[in-house]
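Enquirer: So here's structure_15.tsv (TSV, C-alpha atoms and all ligand atoms).
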chain	number	residue	atom	x	y	z
A	9	MET	CA	20.92	22.46	-24.45
A	10	ALA	CA	20.60	19.98	-21.59
A	11	THR	CA	21.91	16.52	-22.36
A	12	THR	CA	20.24	13.40	-21.01
A	13	THR	CA	22.66	11.05	-19.31
A	14	ARG	CA	22.18	7.30	-19.15
A	15	ALA	CA	21.50	7.65	-15.40
A	16	ASP	CA	18.73	10.21	-16.14
A	17	ALA	CA	17.16	7.88	-18.68
A	18	LYS	CA	17.15	5.02	-16.16
A	19	THR	CA	15.64	7.22	-13.48
A	20	ARG	CA	13.05	8.53	-15.94
A	21	GLU	CA	12.13	4.97	-16.88
A	22	GLU	CA	11.79	3.99	-13.21
A	23	TYR	CA	9.70	7.08	-12.46
A	24	LEU	CA	7.43	6.47	-15.45
A	25	ASN	CA	6.78	3.02	-14.00
A	26	LEU	CA	5.96	4.50	-10.60
A	27	HIS	CA	3.52	6.90	-12.26
A	28	ARG	CA	1.85	4.13	-14.29
A	29	TRP	CA	1.45	1.90	-11.22
A	30	MET	CA	-0.22	4.76	-9.35
A	31	CYS	CA	-2.60	5.32	-12.27
A	32	MET	CA	-3.40	1.59	-12.31
A	33	ALA	CA	-4.30	1.67	-8.62
A	34	LYS	CA	-6.48	4.75	-9.08
A	35	ALA	CA	-8.22	3.17	-12.07
A	36	LEU	CA	-9.04	0.02	-10.09
A	37	ASP	CA	-10.13	2.03	-7.07
A	38	ASP	CA	-12.44	4.27	-9.14
A	39	ARG	CA	-13.85	1.26	-11.00
A	40	MET	CA	-14.54	-0.58	-7.72
A	41	HIS	CA	-16.46	2.42	-6.39
A	42	ILE	CA	-18.61	2.34	-9.53
A	43	LEU	CA	-19.15	-1.41	-9.18
A	44	VAL	CA	-20.19	-1.03	-5.54
A	45	LYS	CA	-22.67	1.71	-6.48
A	46	GLN	CA	-24.05	-0.57	-9.19
A	47	GLY	CA	-24.43	-3.40	-6.69
A	48	ARG	CA	-21.98	-5.55	-8.65
A	49	ALA	CA	-19.14	-5.58	-6.09
A	50	PRO	CA	-19.36	-5.79	-2.31
A	51	PHE	CA	-16.79	-3.40	-0.91
A	52	VAL	CA	-13.86	-1.00	-1.44
A	53	GLY	CA	-11.15	-0.11	1.04
A	54	SER	CA	-9.82	2.80	-0.97
A	55	SER	CA	-6.12	3.45	-1.45
A	56	ARG	CA	-6.67	6.96	-2.88
A	57	GLY	CA	-4.05	9.27	-1.45
A	58	HIS	CA	-1.81	6.36	-0.42
A	59	GLU	CA	-0.52	5.50	-3.90
A	60	GLY	CA	2.69	7.56	-3.75
A	61	ILE	CA	4.23	6.01	-0.67
A	62	GLN	CA	2.92	2.58	-1.69
A	63	VAL	CA	4.61	2.50	-5.10
A	64	ALA	CA	7.78	4.13	-3.77
A	65	SER	CA	8.20	1.73	-0.84
A	66	THR	CA	7.45	-1.36	-2.90
A	67	ALA	CA	9.66	-0.34	-5.82
A	68	ALA	CA	12.50	0.05	-3.31
A	69	ILE	CA	12.52	-3.68	-2.53
A	70	GLY	CA	13.43	-6.45	-4.94
A	71	PRO	CA	11.54	-9.53	-6.18
A	72	ASP	CA	13.20	-11.75	-3.56
A	73	ASP	CA	12.14	-9.49	-0.70
A	74	TRP	CA	8.93	-9.84	1.30
A	75	LEU	CA	5.94	-7.54	1.33
A	76	VAL	CA	3.68	-7.52	4.40
A	77	PRO	CA	1.13	-4.85	3.47
A	78	HIS	CA	-1.93	-3.52	5.25
A	79	TYR	CA	-5.40	-4.00	3.80
A	80	ARG	CA	-5.24	-0.67	1.93
A	81	GLY	CA	-2.21	-1.71	-0.12
A	82	LEU	CA	-3.54	-2.05	-3.65
A	83	ALA	CA	-0.66	-0.11	-5.22
A	84	ASN	CA	1.85	-2.20	-3.24
A	85	ALA	CA	0.42	-5.36	-4.80
A	86	ILE	CA	0.43	-3.84	-8.29
A	87	VAL	CA	4.14	-3.06	-8.04
A	88	ARG	CA	4.78	-6.69	-7.05
A	89	GLY	CA	3.10	-7.77	-10.29
A	90	LEU	CA	-0.58	-8.21	-9.48
A	91	THR	CA	-2.61	-7.68	-12.66
A	92	MET	CA	-5.91	-5.84	-13.03
A	93	LYS	CA	-7.63	-9.04	-14.11
A	94	GLU	CA	-6.37	-10.88	-11.02
A	95	TRP	CA	-7.61	-8.07	-8.77
A	96	MET	CA	-11.03	-8.09	-10.42
A	97	LEU	CA	-11.30	-11.87	-10.00
A	98	ALA	CA	-10.94	-11.18	-6.26
A	99	VAL	CA	-13.46	-8.31	-6.37
A	100	PHE	CA	-16.05	-10.63	-7.94
A	101	ALA	CA	-15.02	-13.55	-5.68
A	102	LYS	CA	-14.39	-15.86	-8.63
A	103	ALA	CA	-12.95	-19.37	-8.55
A	104	GLY	CA	-9.80	-18.23	-10.35
A	105	ASP	CA	-9.04	-15.48	-7.82
A	106	PRO	CA	-5.35	-16.03	-6.96
A	107	LEU	CA	-5.61	-13.98	-3.74
A	108	SER	CA	-8.10	-16.05	-1.76
A	109	ALA	CA	-9.92	-18.22	-4.34
A	110	GLY	CA	-13.01	-16.05	-3.92
A	111	ARG	CA	-13.23	-16.46	-0.16
A	112	ASN	CA	-12.35	-13.09	1.32
A	113	LEU	CA	-13.20	-9.41	1.30
A	114	PRO	CA	-11.55	-7.92	-1.82
A	115	GLY	CA	-8.15	-6.62	-0.78
A	116	GLY	CA	-8.95	-7.13	2.89
A	117	CYS	CA	-7.59	-10.60	3.53
A	118	TYR	CA	-5.37	-12.39	1.07
A	119	SER	CA	-1.91	-13.62	0.28
A	120	TYR	CA	0.01	-14.13	-2.92
A	121	PRO	CA	2.96	-16.47	-2.28
A	122	ARG	CA	4.25	-16.26	-5.87
A	123	LEU	CA	4.71	-12.49	-5.46
A	124	LYS	CA	6.01	-12.88	-1.90
A	125	ILE	CA	3.02	-11.02	-0.48
A	126	ALA	CA	2.45	-12.42	3.01
A	127	PRO	CA	-1.11	-12.78	4.34
A	128	VAL	CA	-2.97	-9.49	4.59
A	129	SER	CA	-5.28	-9.23	7.59
A	130	GLN	CA	-8.17	-7.07	8.71
A	131	VAL	CA	-7.04	-7.45	12.32
A	132	VAL	CA	-5.30	-4.11	12.68
A	133	ALA	CA	-1.54	-4.36	13.42
A	134	SER	CA	-1.60	-8.17	13.67
A	135	TRP	CA	0.78	-8.38	10.71
A	136	ILE	CA	3.51	-6.22	12.28
A	137	PRO	CA	5.02	-8.94	14.55
A	138	LYS	CA	4.57	-11.35	11.62
A	139	ALA	CA	6.78	-9.11	9.49
A	140	ALA	CA	9.45	-9.27	12.21
A	141	GLY	CA	9.03	-13.05	12.29
A	142	ILE	CA	9.33	-13.35	8.52
A	143	ALA	CA	12.53	-11.29	8.60
A	144	TYR	CA	13.90	-13.41	11.45
A	145	ALA	CA	13.07	-16.64	9.59
A	146	ALA	CA	14.61	-15.27	6.39
A	147	ARG	CA	17.80	-14.50	8.29
A	148	LEU	CA	17.91	-17.99	9.84
A	149	LYS	CA	17.49	-19.45	6.36
A	150	GLY	CA	20.22	-17.21	4.98
A	151	GLU	CA	17.82	-15.71	2.42
A	152	GLY	CA	19.28	-12.22	2.53
A	153	SER	CA	15.85	-10.72	1.94
A	154	VAL	CA	14.39	-7.49	3.31
A	155	THR	CA	10.82	-7.32	4.62
A	156	LEU	CA	8.65	-4.29	3.92
A	157	CYS	CA	5.81	-3.88	6.40
A	158	THR	CA	3.13	-1.19	5.99
A	159	PHE	CA	0.34	-0.04	8.32
A	160	GLY	CA	-1.73	3.00	9.24
A	161	ASP	CA	-1.34	5.49	12.06
A	162	GLY	CA	-4.14	3.82	14.04
A	163	ALA	CA	-2.19	0.54	13.98
A	164	THR	CA	0.61	2.16	15.96
A	165	SER	CA	-1.69	2.31	19.02
A	166	GLN	CA	-1.90	-1.47	19.13
A	167	GLY	CA	0.38	-3.61	21.28
A	168	GLU	CA	1.46	-5.57	18.20
A	169	PHE	CA	3.14	-2.47	16.80
A	170	HIS	CA	5.37	-2.22	19.87
A	171	GLU	CA	6.04	-5.97	19.96
A	172	GLY	CA	6.90	-6.19	16.28
A	173	VAL	CA	9.11	-3.11	16.05
A	174	ASN	CA	10.85	-3.89	19.34
A	175	PHE	CA	11.62	-7.48	18.35
A	176	ALA	CA	12.95	-6.37	14.97
A	177	ALA	CA	15.05	-3.67	16.66
A	178	VAL	CA	16.55	-5.99	19.29
A	179	HIS	CA	17.57	-8.53	16.65
A	180	ARG	CA	18.62	-5.85	14.10
A	181	LEU	CA	16.31	-7.48	11.58
A	182	PRO	CA	16.15	-6.27	7.96
A	183	VAL	CA	12.67	-4.75	8.13
A	184	VAL	CA	11.41	-1.45	6.75
A	185	PHE	CA	8.34	-0.34	8.71
A	186	VAL	CA	6.26	2.21	6.83
A	187	CYS	CA	3.43	4.03	8.57
A	188	GLU	CA	1.05	5.36	5.90
A	189	ASN	CA	-0.08	8.15	8.15
A	190	ASN	CA	-3.40	9.42	6.78
A	191	SER	CA	-4.23	10.89	10.22
A	192	TYR	CA	-7.42	8.88	10.64
A	193	ALA	CA	-8.34	5.49	12.04
A	194	ILE	CA	-11.79	5.27	10.46
A	195	SER	CA	-13.38	8.36	12.12
A	196	VAL	CA	-10.83	8.81	14.92
A	197	PRO	CA	-8.52	11.74	14.12
A	198	ILE	CA	-4.85	11.49	14.96
A	199	ARG	CA	-5.12	14.03	17.84
A	200	LEU	CA	-7.23	11.45	19.70
A	201	GLN	CA	-4.86	8.62	18.75
A	202	MET	CA	-1.48	9.96	19.91
A	203	ALA	CA	-0.21	13.04	21.73
A	204	ASN	CA	2.83	13.25	19.43
A	205	PRO	CA	1.67	12.96	15.80
A	206	ASP	CA	5.19	12.13	14.59
A	207	VAL	CA	5.38	8.35	14.61
A	208	ALA	CA	9.05	8.42	13.57
A	209	ASP	CA	9.92	10.05	16.92
A	210	ARG	CA	9.22	6.71	18.54
A	211	ALA	CA	12.17	5.19	16.66
A	212	THR	CA	14.58	6.55	19.29
A	213	GLY	CA	12.79	4.55	21.96
A	214	TYR	CA	13.38	1.37	19.98
A	215	GLY	CA	16.95	2.22	19.00
A	216	VAL	CA	16.20	2.29	15.27
A	217	VAL	CA	16.40	4.97	12.60
A	218	GLY	CA	13.25	7.08	12.27
A	219	VAL	CA	12.42	9.06	9.14
A	220	THR	CA	9.55	11.46	8.47
A	221	VAL	CA	8.66	11.99	4.84
A	222	ASP	CA	5.95	13.77	2.90
A	223	GLY	CA	4.11	10.71	1.62
A	224	THR	CA	2.65	12.65	-1.31
A	225	ASP	CA	6.16	13.45	-2.61
A	226	VAL	CA	7.04	10.35	-4.63
A	227	PRO	CA	10.75	11.07	-5.30
A	228	ALA	CA	11.30	11.88	-1.58
A	229	CYS	CA	9.50	8.67	-0.57
A	230	TYR	CA	11.51	6.61	-3.06
A	231	GLU	CA	14.80	8.00	-1.73
A	232	ALA	CA	13.81	7.47	1.92
A	233	CYS	CA	12.70	3.90	1.24
A	234	ARG	CA	15.76	3.03	-0.84
A	235	GLU	CA	18.03	4.27	1.96
A	236	ALA	CA	16.06	2.23	4.50
A	237	VAL	CA	16.31	-0.90	2.33
A	238	ALA	CA	20.06	-0.36	1.86
A	239	ARG	CA	20.46	0.06	5.64
A	240	ALA	CA	18.57	-3.19	6.22
A	241	ARG	CA	20.74	-5.03	3.67
A	242	ARG	CA	23.91	-3.74	5.34
A	243	GLY	CA	22.75	-5.44	8.55
A	244	GLU	CA	22.02	-2.14	10.30
A	245	GLY	CA	18.50	-3.13	11.33
A	246	PRO	CA	15.05	-1.68	10.86
A	247	THR	CA	13.91	1.79	9.88
A	248	LEU	CA	10.60	3.33	10.95
A	249	ILE	CA	9.26	5.64	8.25
A	250	ASP	CA	6.35	7.98	8.95
A	251	ALA	CA	4.85	8.97	5.59
A	252	LYS	CA	2.37	11.82	6.01
A	253	ILE	CA	-0.50	11.52	3.56
A	254	TRP	CA	-4.12	12.56	3.10
A	255	ARG	CA	-6.96	10.07	2.89
A	256	ILE	CA	-8.96	11.24	-0.11
A	257	ASN	CA	-11.96	8.90	0.20
A	258	SER	CA	-14.01	7.55	3.10
A	259	HIS	CA	-12.36	4.81	5.20
A	260	THR	CA	-14.23	2.22	3.13
A	261	SER	CA	-17.39	2.09	1.05
A	262	GLU	CA	-19.20	1.24	4.33
A	263	ASP	CA	-18.20	4.60	5.81
A	264	ASN	CA	-19.34	8.18	5.11
A	265	HIS	CA	-16.57	10.61	6.03
A	266	LEU	CA	-18.90	13.59	5.57
A	267	LYS	CA	-20.14	12.75	9.05
A	268	TYR	CA	-16.78	13.66	10.60
A	269	ARG	CA	-14.81	15.71	8.04
A	270	THR	CA	-15.65	19.17	6.75
A	271	GLN	CA	-15.99	20.04	3.05
A	272	GLU	CA	-12.95	22.32	3.46
A	273	GLU	CA	-10.85	19.43	4.76
A	274	LEU	CA	-11.93	17.20	1.90
A	275	ALA	CA	-11.07	19.91	-0.63
A	276	GLU	CA	-7.65	20.22	1.03
A	277	ALA	CA	-7.18	16.42	0.90
A	278	SER	CA	-7.85	16.36	-2.83
A	279	ARG	CA	-5.16	19.04	-3.28
A	280	HIS	CA	-2.69	16.49	-1.84
A	281	ASP	CA	-3.35	13.80	-4.42
A	282	PRO	CA	0.06	12.16	-4.95
A	283	ILE	CA	-0.78	11.21	-8.54
A	284	THR	CA	-1.46	14.81	-9.57
A	285	ARG	CA	1.61	16.02	-7.70
A	286	PHE	CA	3.94	13.41	-9.17
A	287	GLY	CA	2.52	13.89	-12.68
A	288	ALA	CA	3.17	17.65	-12.42
A	289	TRP	CA	6.71	16.97	-11.15
A	290	MET	CA	7.41	14.70	-14.13
A	291	VAL	CA	5.99	17.33	-16.52
A	292	GLU	CA	8.20	20.03	-14.94
A	293	ARG	CA	11.28	17.89	-15.57
A	294	GLY	CA	10.22	17.25	-19.15
A	295	TRP	CA	9.92	13.50	-18.46
A	296	LEU	CA	6.20	13.42	-19.29
A	297	THR	CA	3.72	15.78	-20.93
A	298	ALA	CA	0.37	16.70	-19.39
A	299	GLU	CA	-1.33	14.96	-22.34
A	300	GLY	CA	0.90	11.93	-21.83
A	301	ALA	CA	-0.07	11.72	-18.15
A	302	ALA	CA	-3.77	11.97	-19.05
A	303	LYS	CA	-3.32	9.25	-21.67
A	304	VAL	CA	-1.72	6.89	-19.15
A	305	GLN	CA	-4.67	7.40	-16.79
A	306	ALA	CA	-7.22	6.94	-19.59
A	307	ALA	CA	-5.54	3.70	-20.72
A	308	CYS	CA	-5.53	2.40	-17.14
A	309	ASP	CA	-9.20	3.37	-16.69
A	310	ALA	CA	-10.12	1.47	-19.86
A	311	GLU	CA	-8.10	-1.57	-18.79
A	312	ALA	CA	-9.77	-1.58	-15.34
A	313	SER	CA	-13.21	-1.43	-16.91
A	314	GLU	CA	-12.39	-4.28	-19.31
A	315	ALA	CA	-10.89	-6.34	-16.49
A	316	ALA	CA	-14.10	-5.91	-14.47
A	317	ASP	CA	-16.36	-6.91	-17.37
A	318	TRP	CA	-14.15	-9.93	-18.07
A	319	ALA	CA	-13.90	-11.07	-14.44
A	320	GLU	CA	-17.63	-10.79	-13.81
A	321	LEU	CA	-18.25	-13.52	-16.41
A	322	GLU	CA	-15.59	-15.89	-15.05
A	323	PRO	CA	-16.79	-19.04	-13.23
A	324	ASP	CA	-17.90	-18.80	-9.60
A	325	PRO	CA	-16.32	-21.13	-7.03
A	326	LEU	CA	-18.03	-24.52	-6.83
A	327	PRO	CA	-20.14	-25.17	-3.71
A	328	GLU	CA	-18.28	-28.47	-3.15
A	329	ASP	CA	-15.00	-26.50	-2.94
A	330	ALA	CA	-16.23	-24.38	-0.02
A	331	LEU	CA	-14.17	-26.29	2.55
A	332	LYS	CA	-10.99	-26.43	0.44
A	333	HIS	CA	-8.06	-24.60	2.09
A	334	VAL	CA	-9.93	-24.60	5.42
A	335	PHE	CA	-7.67	-26.00	8.12
A	336	ALA	CA	-10.29	-26.93	10.69
B	1	LIG	C1	-7.81	-5.23	16.18
B	1	LIG	C2	-8.80	-4.42	15.40
B	1	LIG	N1	-9.45	-3.40	16.00
B	1	LIG	C3	-10.33	-2.66	15.30
B	1	LIG	C4	-10.60	-2.93	13.99
B	1	LIG	C5	-11.58	-2.08	13.21
B	1	LIG	N2	-10.80	-1.26	12.28
B	1	LIG	C6	-10.63	-1.60	10.99
B	1	LIG	S1	-9.69	-0.52	10.17
B	1	LIG	C7	-9.50	0.44	11.53
B	1	LIG	C8	-8.70	1.73	11.45
B	1	LIG	C9	-7.25	1.53	11.32
B	1	LIG	O1	-6.66	2.76	11.07
B	1	LIG	P1	-5.20	2.91	10.55
B	1	LIG	O2	-4.34	1.89	11.19
B	1	LIG	O3	-4.82	4.32	10.73
B	1	LIG	O4	-5.27	2.53	9.01
B	1	LIG	P2	-6.15	3.15	7.83
B	1	LIG	O5	-7.38	2.27	7.73
B	1	LIG	O6	-6.47	4.57	8.16
B	1	LIG	O7	-5.32	3.04	6.63
B	1	LIG	C10	-10.16	-0.09	12.61
B	1	LIG	C11	-10.19	0.52	13.96
B	1	LIG	C12	-9.94	-4.04	13.41
B	1	LIG	N3	-10.15	-4.38	12.12
B	1	LIG	N4	-9.03	-4.74	14.10
The structure given in the file should be rewritten as structure tokens.
Ligand SMILES: Cc1ncc(C[n+]2csc(CCOP(=O)(O)OP(=O)(O)O)c2C)c(N)n1
Expert:
Amino acid sequence: MATTTRADAKTREEYLNLHRWMCMAKALDDRMHILVKQGRAPFVGSSRGHEGIQVASTAAIGPDDWLVPHYRGLANAIVRGLTMKEWMLAVFAKAGDPLSAGRNLPGGCYSYPRLKIAPVSQVVASWIPKAAGIAYAARLKGEGSVTLCTFGDGATSQGEFHEGVNFAAVHRLPVVFVCENNSYAISVPIRLQMANPDVADRATGYGVVGVTVDGTDVPACYEACREAVARARRGEGPTLIDAKIWRINSHTSEDNHLKYRTQEELAEASRHDPITRFGAWMVERGWLTAEGAAKVQAACDAEASEAADWAELEPDPLPEDALKHVFA
């Protein structure tokens, strides 16, 4: 009979957390789509398909490290400690929204200083040099923190990608760059974005370590990210991780991917759902049962629905507060 070691139990506990965080993100995502259809919420930038690499990369850093996520990073924020109620306050643009006090597109533009989540921007790639700057500042202050910066494949075509990665490489800054490569920039497929689809190959040009990982394989992502974080902490500079994933939904609720993706491709994308894959992996190891996995998802779905109903009734921002937090 197999014995469970203390190390196994710790790993199992960690992996159960990763699974639960992914289910939380899916529950919020699904609920937001319902709310948009009902005309109760304005917008969703879906993270479906991205959850695996998002929870793995964020769980690999510690509470004193910095997260500089892209606008699709719901699961990243959940791992940092964002609650469903907080997220729904942002979705309904309520006064108590801790992300932008009801001012910005839900998930699109926000920051959460308490959780060390640096400002999220809609301006594609603009946050990549900022991540390098945050890491540089942290080093000057002797913080010892690592900065995790995430972005899509389309962002790597922007000048800011080059500037940010190059600066971090030259100064051997403790940054982990993670490309969540879903092979689309809205409707532009990767073959029209880059001649070499392997973003990690560019690492050589910058003199940093490049790693390609199947972004739907949670344990592989977790290992790759933990190694990159350890490398950064040892003072060995940045890592560029290319996590290959499948975008399951349209770019946002404003987009209809049926106009540029075939039904066959969408069916294939749904076969690469990292939540299903990771759940099955946990079941295979005996760390979760199929019923247990379904129960976790059902509990998260119920919590997301309750959070939405609660947040919708919270107070709206006051008109006289409209200019608060506005610099000029
Ligand atoms: C500088 C800039 N150019 C264009 C846009 C419009 N835009 C918003 S998201 C997006 C696609 C980005 O694709 P990618 O970086 O692959 O990330 P994904 O949304 O697929 O996760 C574009 C072109 C923008 N917001 N900012």
Enquirer: Just want the 10 Å neighbourhood of Glu276 in chain A, counted on all atoms listed in the file, with same-chain residues fewer than 6 positions away dropped. Output as a PDB file with C-alpha atoms, in the frame of the given file.
Expert:
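Result file follows (part_0.pdb):
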ATOM      1  CA  TRP A 254      -4.120  12.560   3.100  1.00  0.00           C
ATOM      2  CA  ILE A 256      -8.960  11.240  -0.110  1.00  0.00           C
ATOM      3  CA  THR A 270     -15.650  19.170   6.750  1.00  0.00           C
TER       4      THR A 270
END
Enquirer: Which one of A:Ala126, A:Cys117, A:Ala315, A:Met290 sits closest to ligand LIG 1 (chain B) if you count only C-alpha atoms and all ligand atoms?
Expert: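 Selected residue with least distance to ligand LIG 1 (chain B): A:Cys117.
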Enquirer: Using only C-alpha atoms and all ligand atoms, tabulate the residues of chain A lying at most 7 Å from any atom of ligand LIG 1 (chain B), each with its closest atom pair and that distance in Å to one decimal, by chain and increasing residue number, as a tab-separated table.
Expert:
residue	atom	partner	partner_atom	distance
A:Arg80	CA	B:LIG1	O7	6.0
A:Gln130	CA	B:LIG1	N3	4.8
A:Val131	CA	B:LIG1	N4	3.8
A:Val132	CA	B:LIG1	N4	4.0
A:Ala133	CA	B:LIG1	C1	6.9
A:Phe159	CA	B:LIG1	O2	5.8
A:Gly160	CA	B:LIG1	O2	3.4
A:Asp161	CA	B:LIG1	O3	3.9
A:Gly162	CA	B:LIG1	O3	3.4
A:Ala163	CA	B:LIG1	O2	3.8
A:Thr164	CA	B:LIG1	O2	6.9
A:Glu188	CA	B:LIG1	O7	6.8
A:Asn189	CA	B:LIG1	O3	6.6
A:Asn190	CA	B:LIG1	O6	5.9
A:Ser191	CA	B:LIG1	O3	6.6
A:Tyr192	CA	B:LIG1	O6	5.1
A:Ala193	CA	B:LIG1	O1	3.3
A:Ile194	CA	B:LIG1	C8	4.8
A:His259	CA	B:LIG1	O5	6.1
Enquirer: What residues have an atom no more than 6 Å from (6.2, 6.5, 12.1) in the file's own frame, counting all atoms listed in the file, and can you write them as a list in words?
Expert: Cys187, Val207, Ala208, Leu248, Ile249 and Asp250 of chain A
Enquirer: Kindly give the distance, in Å, that separates CA of Val304 in chain A and CA of Val52 in chain A, rounded to a single decimal.
Expert: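 These atoms are spaced 22.9 Å apart.
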Enquirer: From the list A:Asp281, A:Glu272, A:Glu94, A:Glu168, which residue is nearest Cys31 in chain A when using all atoms listed in the file?
Expert: A:Asp281
Enquirer: By how many Å are CA of Tyr120 in chain A and CA of Tyr23 in chain A apart?
Expert: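 Calculated distance between CA of Tyr120 in chain A and CA of Tyr23 in chain A is 25.2 Å.
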Enquirer: Taking all atoms listed in the file into account, which of A:Arg28, A:Arg293, A:Arg111, A:His179 comes nearest Ala140 in chain A?
Expert: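 Closest to Ala140 in chain A of all the choices is A:His179.
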Enquirer: So how far away is CA of Pro127 in chain A from CA of Ala35 in chain A, in Å?
Expert: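 Atom-to-atom, CA of Ala35 in chain A to CA of Pro127 in chain A, that is 24.0 Å.
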Enquirer: Give me the residues within 8 Å of Ser153 in chain A as a PyMOL selection string, counting only C-alpha atoms and dropping any in the same chain fewer than 6 places off.
Expert: chain A and resi 72-74+143+146-147+182+241
Enquirer: Add whatever atoms are absent from range 33-54 of chain A to reach N, CA and C atoms, and provide the output as a PDB file, in the frame of the given file.
Expert:
ATOM      1  N   ALA A  33      -3.592   1.798  -9.906  1.00  0.00           N
ATOM      2  CA  ALA A  33      -4.300   1.670  -8.620  1.00  0.00           C
ATOM      3  C   ALA A  33      -5.516   2.579  -8.587  1.00  0.00           C
ATOM      4  N   LYS A  34      -5.353   3.805  -9.073  1.00  0.00           N
ATOM      5  CA  LYS A  34      -6.480   4.750  -9.080  1.00  0.00           C
ATOM      6  C   LYS A  34      -7.609   4.218  -9.980  1.00  0.00           C
ATOM      7  N   ALA A  35      -7.215   3.674 -11.132  1.00  0.00           N
ATOM      8  CA  ALA A  35      -8.220   3.170 -12.070  1.00  0.00           C
ATOM      9  C   ALA A  35      -9.032   2.037 -11.422  1.00  0.00           C
ATOM     10  N   LEU A  36      -8.338   1.133 -10.742  1.00  0.00           N
ATOM     11  CA  LEU A  36      -9.040   0.020 -10.090  1.00  0.00           C
ATOM     12  C   LEU A  36      -9.926   0.519  -8.956  1.00  0.00           C
ATOM     13  N   ASP A  37      -9.386   1.468  -8.203  1.00  0.00           N
ATOM     14  CA  ASP A  37     -10.130   2.030  -7.070  1.00  0.00           C
ATOM     15  C   ASP A  37     -11.421   2.711  -7.584  1.00  0.00           C
ATOM     16  N   ASP A  38     -11.259   3.559  -8.592  1.00  0.00           N
ATOM     17  CA  ASP A  38     -12.440   4.270  -9.140  1.00  0.00           C
ATOM     18  C   ASP A  38     -13.454   3.268  -9.698  1.00  0.00           C
ATOM     19  N   ARG A  39     -12.942   2.251 -10.396  1.00  0.00           N
ATOM     20  CA  ARG A  39     -13.850   1.260 -11.000  1.00  0.00           C
ATOM     21  C   ARG A  39     -14.588   0.495  -9.898  1.00  0.00           C
ATOM     22  N   MET A  40     -13.879   0.149  -8.819  1.00  0.00           N
ATOM     23  CA  MET A  40     -14.540  -0.580  -7.720  1.00  0.00           C
ATOM     24  C   MET A  40     -15.642   0.259  -7.091  1.00  0.00           C
ATOM     25  N   HIS A  41     -15.402   1.566  -6.952  1.00  0.00           N
ATOM     26  CA  HIS A  41     -16.460   2.420  -6.390  1.00  0.00           C
ATOM     27  C   HIS A  41     -17.703   2.393  -7.291  1.00  0.00           C
ATOM     28  N   ILE A  42     -17.478   2.403  -8.595  1.00  0.00           N
ATOM     29  CA  ILE A  42     -18.610   2.340  -9.530  1.00  0.00           C
ATOM     30  C   ILE A  42     -19.332   1.000  -9.375  1.00  0.00           C
ATOM     31  N   LEU A  43     -18.552  -0.069  -9.299  1.00  0.00           N
ATOM     32  CA  LEU A  43     -19.150  -1.410  -9.180  1.00  0.00           C
ATOM     33  C   LEU A  43     -19.957  -1.552  -7.894  1.00  0.00           C
ATOM     34  N   VAL A  44     -19.456  -0.963  -6.817  1.00  0.00           N
ATOM     35  CA  VAL A  44     -20.190  -1.030  -5.540  1.00  0.00           C
ATOM     36  C   VAL A  44     -21.512  -0.276  -5.683  1.00  0.00           C
ATOM     37  N   LYS A  45     -21.437   0.912  -6.294  1.00  0.00           N
ATOM     38  CA  LYS A  45     -22.670   1.710  -6.480  1.00  0.00           C
ATOM     39  C   LYS A  45     -23.679   0.962  -7.337  1.00  0.00           C
ATOM     40  N   GLN A  46     -23.155   0.192  -8.298  1.00  0.00           N
ATOM     41  CA  GLN A  46     -24.050  -0.570  -9.190  1.00  0.00           C
ATOM     42  C   GLN A  46     -24.537  -1.867  -8.539  1.00  0.00           C
ATOM     43  N   GLY A  47     -24.041  -2.156  -7.357  1.00  0.00           N
ATOM     44  CA  GLY A  47     -24.430  -3.400  -6.690  1.00  0.00           C
ATOM     45  C   GLY A  47     -23.745  -4.623  -7.271  1.00  0.00           C
ATOM     46  N   ARG A  48     -22.669  -4.419  -8.008  1.00  0.00           N
ATOM     47  CA  ARG A  48     -21.980  -5.550  -8.650  1.00  0.00           C
ATOM     48  C   ARG A  48     -20.790  -6.038  -7.813  1.00  0.00           C
ATOM     49  N   ALA A  49     -20.265  -5.180  -6.951  1.00  0.00           N
ATOM     50  CA  ALA A  49     -19.140  -5.580  -6.090  1.00  0.00           C
ATOM     51  C   ALA A  49     -19.505  -5.240  -4.646  1.00  0.00           C
ATOM     52  N   PRO A  50     -18.906  -5.955  -3.697  1.00  0.00           N
ATOM     53  CA  PRO A  50     -19.360  -5.790  -2.310  1.00  0.00           C
ATOM     54  C   PRO A  50     -18.743  -4.620  -1.541  1.00  0.00           C
ATOM     55  N   PHE A  51     -17.533  -4.194  -1.887  1.00  0.00           N
ATOM     56  CA  PHE A  51     -16.790  -3.400  -0.910  1.00  0.00           C
ATOM     57  C   PHE A  51     -15.533  -2.777  -1.529  1.00  0.00           C
ATOM     58  N   VAL A  52     -15.173  -1.579  -1.084  1.00  0.00           N
ATOM     59  CA  VAL A  52     -13.860  -1.000  -1.440  1.00  0.00           C
ATOM     60  C   VAL A  52     -13.217  -0.433  -0.187  1.00  0.00           C
ATOM     61  N   GLY A  53     -11.982  -0.785   0.028  1.00  0.00           N
ATOM     62  CA  GLY A  53     -11.150  -0.110   1.040  1.00  0.00           C
ATOM     63  C   GLY A  53     -10.183   0.725   0.222  1.00  0.00           C
ATOM     64  N   SER A  54     -10.511   1.985   0.038  1.00  0.00           N
ATOM     65  CA  SER A  54      -9.820   2.800  -0.970  1.00  0.00           C
ATOM     66  C   SER A  54      -8.357   3.077  -0.628  1.00  0.00           C
TER      67      SER A  54
END
